[in-house]
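Q: Structure file run36.txt, compact mmCIF, C-alpha atoms and all ligand atoms, is pasted below:
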# COMPACT_ATOMS: atom_id res chain seq x y z
CA ALA A 1 18.95 51.79 -169.35
CA ALA A 2 18.25 55.01 -171.21
CA THR A 3 18.38 57.67 -168.54
CA SER A 4 18.60 60.74 -170.76
CA ASP A 5 14.86 61.40 -170.60
CA ALA A 6 14.73 60.82 -166.87
CA LEU A 7 13.91 63.59 -164.47
CA LEU A 8 15.78 61.83 -161.69
CA SER A 9 18.42 59.24 -162.38
CA VAL A 10 20.10 57.31 -159.58
CA GLU A 11 22.93 54.91 -160.34
CA GLY A 12 24.89 52.57 -158.13
CA LEU A 13 23.96 54.43 -154.98
CA GLU A 14 25.62 53.24 -151.77
CA ARG A 15 25.55 54.38 -148.18
CA HIS A 16 26.90 52.37 -145.28
CA PHE A 17 26.62 53.13 -141.57
CA ASP A 18 29.32 51.44 -139.49
CA GLY A 19 29.16 48.30 -141.55
CA VAL A 20 25.40 48.36 -142.09
CA ARG A 21 24.74 48.48 -145.82
CA ALA A 22 21.73 50.78 -145.59
CA VAL A 23 21.75 51.43 -149.34
CA ASP A 24 23.75 48.94 -151.32
CA GLY A 25 23.96 49.56 -155.05
CA VAL A 26 20.61 51.13 -155.86
CA SER A 27 19.75 52.33 -159.39
CA PHE A 28 16.43 53.70 -160.59
CA THR A 29 14.88 56.57 -162.50
CA VAL A 30 11.87 58.82 -162.17
CA ALA A 31 10.48 60.17 -165.43
CA PRO A 32 8.87 63.61 -165.70
CA HIS A 33 5.27 63.45 -164.41
CA GLU A 34 5.85 59.99 -162.99
CA VAL A 35 4.77 58.86 -159.53
CA VAL A 36 7.23 56.28 -158.19
CA SER A 37 6.93 54.66 -154.78
CA ILE A 38 9.56 52.89 -152.74
CA ILE A 39 8.23 50.18 -150.45
CA GLY A 40 9.91 47.53 -148.36
CA PRO A 41 10.21 46.22 -144.81
CA ASN A 42 11.50 48.42 -141.98
CA GLY A 43 15.21 49.03 -142.26
CA SER A 44 15.35 48.19 -145.98
CA GLY A 45 16.91 51.56 -146.90
CA LYS A 46 13.95 53.61 -148.11
CA THR A 47 14.44 56.70 -145.97
CA THR A 48 18.20 56.63 -146.48
CA THR A 49 17.58 56.63 -150.23
CA LEU A 50 15.33 59.70 -149.94
CA ASN A 51 17.90 61.39 -147.70
CA LEU A 52 20.58 60.77 -150.30
CA VAL A 53 18.45 62.21 -153.10
CA SER A 54 17.56 65.32 -151.08
CA GLY A 55 21.19 65.83 -150.04
CA ALA A 56 20.52 65.36 -146.33
CA LEU A 57 23.02 62.50 -146.49
CA ARG A 58 26.10 62.11 -148.66
CA ALA A 59 26.44 58.93 -150.72
CA GLY A 60 29.44 56.68 -150.28
CA ALA A 61 29.30 55.80 -153.96
CA GLY A 62 27.07 56.26 -156.98
CA THR A 63 25.57 59.18 -158.85
CA ILE A 64 22.32 61.16 -158.63
CA SER A 65 21.29 63.34 -161.56
CA LEU A 66 18.40 65.69 -162.08
CA GLU A 67 17.64 66.28 -165.75
CA GLY A 68 21.09 64.94 -166.55
CA ARG A 69 22.93 67.25 -164.13
CA ARG A 70 24.75 65.71 -161.19
CA ILE A 71 23.39 66.75 -157.81
CA ASP A 72 25.06 64.15 -155.62
CA HIS A 73 27.68 66.55 -154.29
CA ALA A 74 25.34 69.50 -153.82
CA ASP A 75 24.07 70.54 -150.41
CA PRO A 76 20.35 70.32 -149.57
CA ALA A 77 19.66 74.01 -150.25
CA ARG A 78 21.20 73.79 -153.70
CA ILE A 79 19.26 70.62 -154.48
CA ALA A 80 16.05 72.41 -153.46
CA GLU A 81 16.93 75.25 -155.80
CA GLU A 82 17.46 72.72 -158.59
CA GLY A 83 13.88 71.60 -158.08
CA VAL A 84 13.72 68.83 -155.50
CA ALA A 85 11.47 69.52 -152.50
CA ARG A 86 10.84 67.15 -149.63
CA THR A 87 8.80 66.50 -146.54
CA PHE A 88 10.09 64.71 -143.46
CA GLN A 89 9.02 61.48 -141.83
CA ASN A 90 7.51 63.11 -138.76
CA GLY A 91 6.43 66.39 -140.28
CA ARG A 92 8.59 69.37 -139.43
CA VAL A 93 6.85 72.69 -138.98
CA PHE A 94 7.57 75.70 -136.80
CA ALA A 95 5.05 75.43 -133.98
CA THR A 96 4.65 79.14 -133.31
CA LEU A 97 4.46 80.22 -136.93
CA SER A 98 1.13 80.39 -138.73
CA VAL A 99 0.21 78.05 -141.55
CA ARG A 100 0.88 80.83 -143.99
CA ASP A 101 4.31 81.67 -142.60
CA ASN A 102 5.26 78.00 -142.47
CA VAL A 103 4.51 77.78 -146.17
CA GLU A 104 6.61 80.87 -146.83
CA VAL A 105 9.69 79.56 -145.02
CA GLY A 106 12.05 78.18 -147.61
CA LEU A 107 10.96 80.38 -150.49
CA HIS A 108 13.23 83.23 -149.44
CA SER A 109 16.37 81.18 -149.52
CA THR A 110 15.41 79.65 -152.87
CA LEU A 111 14.29 82.79 -154.66
CA THR A 112 17.20 84.91 -153.50
CA ALA A 113 19.70 82.12 -154.13
CA SER A 114 22.18 84.09 -156.22
CA ARG A 115 22.75 86.89 -153.70
CA PRO A 116 26.10 87.11 -151.90
CA PHE A 117 24.57 86.75 -148.42
CA ARG A 118 22.78 83.67 -149.60
CA ARG A 119 25.99 82.13 -150.87
CA LEU A 120 27.46 82.64 -147.42
CA SER A 121 24.38 81.43 -145.61
CA ARG A 122 24.28 78.37 -147.80
CA LEU A 123 27.72 77.46 -146.59
CA PHE A 124 26.81 77.83 -142.93
CA LEU A 125 23.15 78.08 -142.01
CA LEU A 126 21.61 75.84 -144.61
CA ARG A 127 24.26 73.19 -144.48
CA TRP A 128 24.21 72.63 -140.74
CA ILE A 129 20.70 73.55 -139.69
CA PRO A 130 18.67 73.15 -142.87
CA LEU A 131 15.14 74.05 -141.82
CA LEU A 132 16.04 76.52 -139.10
CA GLY A 133 18.50 78.09 -141.51
CA GLU A 134 15.60 78.76 -143.87
CA LEU A 135 13.80 80.55 -141.06
CA PHE A 136 16.82 82.74 -140.27
CA ILE A 137 17.08 83.73 -143.89
CA ALA A 138 13.37 84.54 -144.06
CA ILE A 139 13.58 86.76 -140.99
CA ILE A 140 17.01 88.38 -140.92
CA GLY A 141 18.59 87.29 -144.16
CA THR A 142 18.64 88.89 -147.55
CA PRO A 143 15.52 91.02 -147.79
CA ALA A 144 13.64 90.00 -150.88
CA SER A 145 13.32 92.67 -153.55
CA ARG A 146 9.80 93.89 -154.25
CA ARG A 147 9.64 91.71 -157.30
CA GLU A 148 10.85 88.68 -155.38
CA GLN A 149 8.44 89.36 -152.52
CA LYS A 150 5.57 89.52 -155.01
CA GLN A 151 6.60 86.19 -156.42
CA ILE A 152 6.86 84.74 -152.91
CA ASP A 153 3.43 86.08 -151.93
CA ALA A 154 1.82 84.69 -155.08
CA ARG A 155 3.20 81.22 -154.53
CA VAL A 156 2.29 81.22 -150.85
CA GLU A 157 -1.22 82.45 -151.62
CA SER A 158 -1.77 79.74 -154.17
CA GLU A 159 -0.72 76.96 -151.79
CA VAL A 160 -2.56 78.47 -148.82
CA GLN A 161 -5.72 78.64 -150.93
CA ARG A 162 -5.31 75.02 -151.92
CA PHE A 163 -4.89 74.16 -148.22
CA GLU A 164 -7.92 76.21 -147.16
CA ALA A 165 -10.08 74.77 -149.92
CA ARG A 166 -9.79 71.47 -148.07
CA LEU A 167 -9.54 72.56 -144.49
CA GLY A 168 -11.29 75.89 -144.15
CA PRO A 169 -9.85 79.28 -143.22
CA ARG A 170 -6.77 78.30 -141.28
CA ARG A 171 -3.97 80.39 -142.68
CA ASP A 172 -3.45 82.47 -139.52
CA ASP A 173 -3.64 79.54 -137.12
CA PRO A 174 -0.33 78.78 -135.40
CA ALA A 175 0.99 75.36 -136.30
CA TYR A 176 0.81 74.19 -132.67
CA SER A 177 -2.99 74.50 -132.80
CA LEU A 178 -3.28 72.17 -135.79
CA SER A 179 -3.96 68.47 -135.72
CA TYR A 180 -1.02 66.23 -136.56
CA ALA A 181 -2.53 65.56 -139.97
CA ASN A 182 -2.87 69.26 -140.70
CA ARG A 183 0.71 69.92 -139.67
CA ARG A 184 1.77 67.34 -142.21
CA ARG A 185 -0.44 68.98 -144.82
CA THR A 186 1.20 72.31 -144.01
CA GLU A 187 4.53 70.71 -144.72
CA ILE A 188 3.33 69.40 -148.08
CA ALA A 189 2.06 72.90 -148.91
CA ARG A 190 5.49 74.32 -148.09
CA ALA A 191 7.17 71.81 -150.39
CA LEU A 192 4.70 72.55 -153.19
CA ALA A 193 5.25 76.30 -152.88
CA LEU A 194 8.76 75.65 -154.15
CA GLN A 195 7.10 74.42 -157.37
CA PRO A 196 9.45 71.46 -157.41
CA LYS A 197 10.20 69.36 -160.44
CA LEU A 198 10.32 66.41 -158.08
CA LEU A 199 8.45 66.09 -154.80
CA LEU A 200 9.91 63.69 -152.23
CA LEU A 201 7.42 62.45 -149.65
CA ASP A 202 8.54 60.36 -146.69
CA GLU A 203 5.55 58.50 -145.29
CA PRO A 204 3.08 61.35 -145.73
CA THR A 205 0.28 59.36 -144.06
CA ALA A 206 2.24 58.01 -141.10
CA GLY A 207 0.18 58.46 -137.95
CA MET A 208 -2.97 59.40 -139.88
CA ASN A 209 -6.34 57.75 -139.45
CA GLN A 210 -8.30 56.26 -142.34
CA SER A 211 -10.17 59.37 -143.41
CA GLU A 212 -7.04 61.55 -143.19
CA THR A 213 -5.16 58.97 -145.23
CA ALA A 214 -7.95 58.96 -147.81
CA GLU A 215 -7.64 62.70 -148.06
CA VAL A 216 -3.89 62.58 -148.63
CA LEU A 217 -4.51 59.95 -151.31
CA GLU A 218 -6.98 62.29 -152.97
CA GLN A 219 -4.43 65.11 -152.87
CA LEU A 220 -1.74 62.86 -154.33
CA LEU A 221 -4.05 61.82 -157.16
CA GLN A 222 -4.75 65.49 -157.85
CA LEU A 223 -1.03 66.28 -157.93
CA LYS A 224 -0.50 63.34 -160.24
CA ALA A 225 -3.26 64.58 -162.55
CA ASP A 226 -1.50 67.96 -162.56
CA GLY A 227 1.67 66.23 -163.77
CA GLN A 228 3.69 66.51 -160.56
CA ALA A 229 6.56 64.02 -160.41
CA ILE A 230 6.67 62.33 -157.02
CA LEU A 231 9.02 59.93 -155.27
CA LEU A 232 7.08 58.45 -152.39
CA VAL A 233 8.09 56.31 -149.44
CA GLU A 234 4.96 54.86 -147.90
CA HIS A 235 3.87 51.88 -145.84
CA LYS A 236 0.19 51.84 -146.74
CA LEU A 237 0.15 49.49 -149.69
CA ASP A 238 -3.37 50.29 -150.85
CA LEU A 239 -2.42 53.94 -151.23
CA VAL A 240 0.83 53.01 -152.97
CA MET A 241 -0.91 50.70 -155.41
CA THR A 242 -3.55 53.31 -156.23
CA VAL A 243 -1.33 56.31 -156.81
CA SER A 244 1.89 54.89 -158.27
CA ASP A 245 2.88 54.51 -161.90
CA ARG A 246 5.75 52.33 -160.78
CA VAL A 247 6.74 50.66 -157.53
CA ILE A 248 10.27 49.90 -156.35
CA VAL A 249 10.66 47.26 -153.66
CA MET A 250 13.70 47.40 -151.39
CA ASP A 251 15.03 44.82 -148.99
CA GLY A 252 18.37 44.89 -147.20
CA GLY A 253 19.49 48.02 -149.03
CA ARG A 254 18.85 46.60 -152.48
CA ILE A 255 16.06 46.74 -155.02
CA ILE A 256 14.47 43.30 -155.17
CA ALA A 257 11.60 44.11 -157.53
CA GLU A 258 10.37 46.96 -159.65
CA GLY A 259 7.44 47.47 -161.95
CA ALA A 260 3.78 48.36 -162.33
CA PRO A 261 1.81 48.12 -159.07
CA GLN A 262 -0.10 45.02 -160.10
CA THR A 263 3.05 43.19 -161.22
CA VAL A 264 4.93 44.00 -158.05
CA ARG A 265 2.04 43.06 -155.82
CA HIS A 266 2.13 39.47 -157.08
CA ASP A 267 5.91 39.12 -157.27
CA PRO A 268 7.00 36.10 -155.15
CA ALA A 269 10.14 37.93 -153.95
CA VAL A 270 7.99 40.78 -152.66
CA ILE A 271 5.57 38.50 -150.88
CA GLU A 272 8.55 36.71 -149.34
CA ALA A 273 10.15 39.96 -148.16
CA TYR A 274 6.93 41.13 -146.56
CA LEU A 275 5.58 37.91 -145.18
CA GLY A 276 8.74 35.90 -144.69
CA ARG A 277 9.64 37.60 -141.43
P1 LIG B 1 13.71 52.24 -143.97
O1 LIG B 1 13.43 53.66 -144.30
O2 LIG B 1 13.46 51.31 -145.11
O3 LIG B 1 13.01 51.78 -142.72
P2 LIG B 1 16.34 53.19 -143.33
O4 LIG B 1 16.84 53.79 -144.58
O5 LIG B 1 15.82 54.10 -142.29
O6 LIG B 1 15.27 52.07 -143.68
O7 LIG B 1 17.49 52.33 -142.67
C1 LIG B 1 18.24 51.33 -143.38
C2 LIG B 1 19.29 50.71 -142.47
O8 LIG B 1 20.28 51.68 -142.14
C3 LIG B 1 18.74 50.24 -141.14
O9 LIG B 1 19.45 49.06 -140.77
C4 LIG B 1 19.04 51.36 -140.19
O10 LIG B 1 19.19 50.89 -138.87
C5 LIG B 1 20.36 51.88 -140.74
N1 LIG B 1 20.52 53.32 -140.53
C6 LIG B 1 19.77 54.31 -141.06
N2 LIG B 1 20.21 55.51 -140.68
C7 LIG B 1 21.27 55.29 -139.86
C8 LIG B 1 22.18 56.13 -139.13
N3 LIG B 1 22.06 57.46 -139.18
N4 LIG B 1 23.14 55.53 -138.39
C9 LIG B 1 23.26 54.20 -138.35
N5 LIG B 1 22.47 53.35 -139.02
C10 LIG B 1 21.47 53.88 -139.76
In structure tokens, what does this structure look like?
Ligand code: ADP
A:
Amino acid sequence: AATSDALLSVEGLERHFDGVRAVDGVSFTVAPHEVVSIIGPNGSGKTTTLNLVSGALRAGAGTISLEGRRIDHADPARIAEEGVARTFQNGRVFATLSVRDNVEVGLHSTLTASRPFRRLSRLFLLRWIPLLGELFIAIIGTPASRREQKQIDARVESEVQRFEARLGPRRDDPAYSLSYANRRRTEIARALALQPKLLLLDEPTAGMNQSETAEVLEQLLQLKADGQAILLVEHKLDLVMTVSDRVIVMDGGRIIAEGAPQTVRHDPAVIEAYLGR
């Protein structure tokens, strides 16, 4: 396959856990501006795949490239700097920080990436305690220069405004006072503030009711219209079929089908994987 135009290119990816072949020879691409979803039964390797792409896990074999540059041996902070931002399955925010400050966490470490302290902190803080490490850097780490702080404030403002346009004036609310859905939206805002080339979303609607899910779908469609490339892991098939350009179906650590939503939906192997158990 021609992968030179790909934004993300994954080839022969493998990750085993004590004999469990969680990801077992997975290859796929995400083009610029493309929305690609990974679906499949529980335990089929979707989250592990996302964790490998974001650098949270190290692959046993295979390569991961972003715009042709290998990122499979980079740590998560470096991969974020290269332009891959993610959210987590259960939504990770700092409960006592405001919405605004939660969105800001992460920008410091990315925008001051070339500083000596940051090099050091990348080795220690960000490698072993990724999200908390970001917080340390924001508070005690390399102070941003005035120019950097301006850039940080502008990005935070833009995402906070986008958040408030949907949810009302909430920027100063501590995260613990938010609904579960709004905590997850805060996390998406934080990822978007990084202005990522590729946004990784792990079940962004998990635990949401129908109207909250509909709202996330609307936001995803807006991001898609804006040209944001997204790699999405999601259980709600209606949402997946509506938002995706392409759908990858995993089962037992392998890709068993791939294609346009309508094609995949009627693929016998997919129906078997979903209904055969
Ligand atoms: P999915 O996201 O599709 O539900 P996962 O990627 O979470 O699947 O898991 C794939 C397989 O790998 C499962 O059998 C799971 O039990 C196993 N697995 C995932 N993470 C670990 C881990 N940290 N240690 C051991 N086994 C794991």
Q: Using all atoms listed in the file, determine which residues fall within 8 Å of ligand LIG 1 (chain B), then list them as a ChimeraX atom specification.
A: /A:16-18,20-23,39-49,233,250-253
Q: For each of A:Glu104, A:Asp72, A:Glu34, A:Glu164, take the minimum atom-to-atom distance to Leu231 of chain A, counting all atoms listed in the file, then give the residue where this is smallest.
A: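 Checking each candidate against Leu231 of chain A, we get A:Glu34 as the closest.
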Q: Looking at A:Ala193, A:Ala269, A:Ala214, A:Val35, which one is nearest to Ser158 of chain A, with distances taken over only C-alpha atoms?
A: A:Ala193
Q: Considering only C-alpha atoms, return as an NGL selection string whatever protein or nucleic-acid residues lie within 10 Å of Pro174 of chain A, sequence-local ones (same chain, fewer than 4 positions apart) excluded.
A: :A and (94-102 or 170 or 178 or 183)
Q: In file coordinates, which residues lie within 12 Å of (2.4, 84.5, -151.2) using all atoms listed in the file, given as a ChimeraX atom specification?
A: /A:99-105,107-108,147-161,171,189-190,193-194
Q: Would you write out those residues with C-alpha atoms, as a short mmCIF file (atom, residue, chain, number, x, y, z; two decimals), keeping the file's coordinate frame?
A:
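Heads up, here's the output in selection-v2.cif:
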data_model
loop_
_atom_site.label_atom_id
_atom_site.label_comp_id
_atom_site.auth_asym_id
_atom_site.auth_seq_id
_atom_site.Cartn_x
_atom_site.Cartn_y
_atom_site.Cartn_z
CA VAL A 99 0.21 78.05 -141.55
CA ARG A 100 0.88 80.83 -143.99
CA ASP A 101 4.31 81.67 -142.60
CA ASN A 102 5.26 78.00 -142.47
CA VAL A 103 4.51 77.78 -146.17
CA GLU A 104 6.61 80.87 -146.83
CA VAL A 105 9.69 79.56 -145.02
CA LEU A 107 10.96 80.38 -150.49
CA HIS A 108 13.23 83.23 -149.44
CA ARG A 147 9.64 91.71 -157.30
CA GLU A 148 10.85 88.68 -155.38
CA GLN A 149 8.44 89.36 -152.52
CA LYS A 150 5.57 89.52 -155.01
CA GLN A 151 6.60 86.19 -156.42
CA ILE A 152 6.86 84.74 -152.91
CA ASP A 153 3.43 86.08 -151.93
CA ALA A 154 1.82 84.69 -155.08
CA ARG A 155 3.20 81.22 -154.53
CA VAL A 156 2.29 81.22 -150.85
CA GLU A 157 -1.22 82.45 -151.62
CA SER A 158 -1.77 79.74 -154.17
CA GLU A 159 -0.72 76.96 -151.79
CA VAL A 160 -2.56 78.47 -148.82
CA GLN A 161 -5.72 78.64 -150.93
CA ARG A 171 -3.97 80.39 -142.68
CA ALA A 189 2.06 72.90 -148.91
CA ARG A 190 5.49 74.32 -148.09
CA ALA A 193 5.25 76.30 -152.88
CA LEU A 194 8.76 75.65 -154.15
#
Q: Find the residues around Ser37 of chain A up to 12 Å (all atoms listed in the file counted), leave out those fewer than 6 positions away in its own chain, and share them as number ranges by chain.
A: A: 28-30, 46-47, 49-50, 199-204, 220, 229-250, 257-261, 264
Q: How far is it from atom CA of Val53 of chain A to atom CA of Thr205 of chain A, in Å with one decimal?
A: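 It comes out at 20.5 Å.
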Q: Using Å and a single decimal, report how far atom CA of Asp75 of chain A sits from atom CA of Gly55 of chain A.
A: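 Atom CA of Gly55 of chain A sits 5.5 Å away from atom CA of Asp75 of chain A.
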Q: Would you compute the distance between atom CA of Ala225 of chain A and atom CA of Pro32 of chain A? Give it in Å to one decimal.
A: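 Distance between the two atoms: 12.6 Å.
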Q: Counting only C-alpha atoms, which of A:Ala181, A:Leu52, A:Leu198, A:Ala191 gets nearest to Val216 of chain A?
A: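 Ranked by minimum distance to Val216 of chain A, first place goes to A:Ala181.
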Q: I'd like to know which of A:Ile79, A:Ile255, A:Ala31, A:Arg184 is closest to Gly227 of chain A, using only C-alpha atoms.
A: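 Comparing A:Ile79, A:Ile255, A:Ala31, A:Arg184 against Gly227 of chain A, the winner is A:Ala31.
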Q: Taking all atoms of segment 30-36 of chain A that appear in the file, build a box with edges along x, y and z, extend it by 6 Å on every side, and state its centre and edge lengths in Å to one decimal, as JSON.
A:
{"center_x": 8.3, "center_y": 59.9, "center_z": -161.9, "size_x": 19.1, "size_y": 19.3, "size_z": 19.5}
Q: Pick out the closest residue to Gln222 of chain A from this set: A:Leu7, A:Arg162, A:Asn182, A:Thr110. Count all atoms listed in the file.
A: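 Nearest to Gln222 of chain A: A:Arg162.
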Q: For Gly106 of chain A, which of A:Leu8, A:Ala175, A:Leu192, A:Ile38 is the closest residue, counting all atoms listed in the file?
A: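 So, comparing all the options, the nearest one is A:Leu192.
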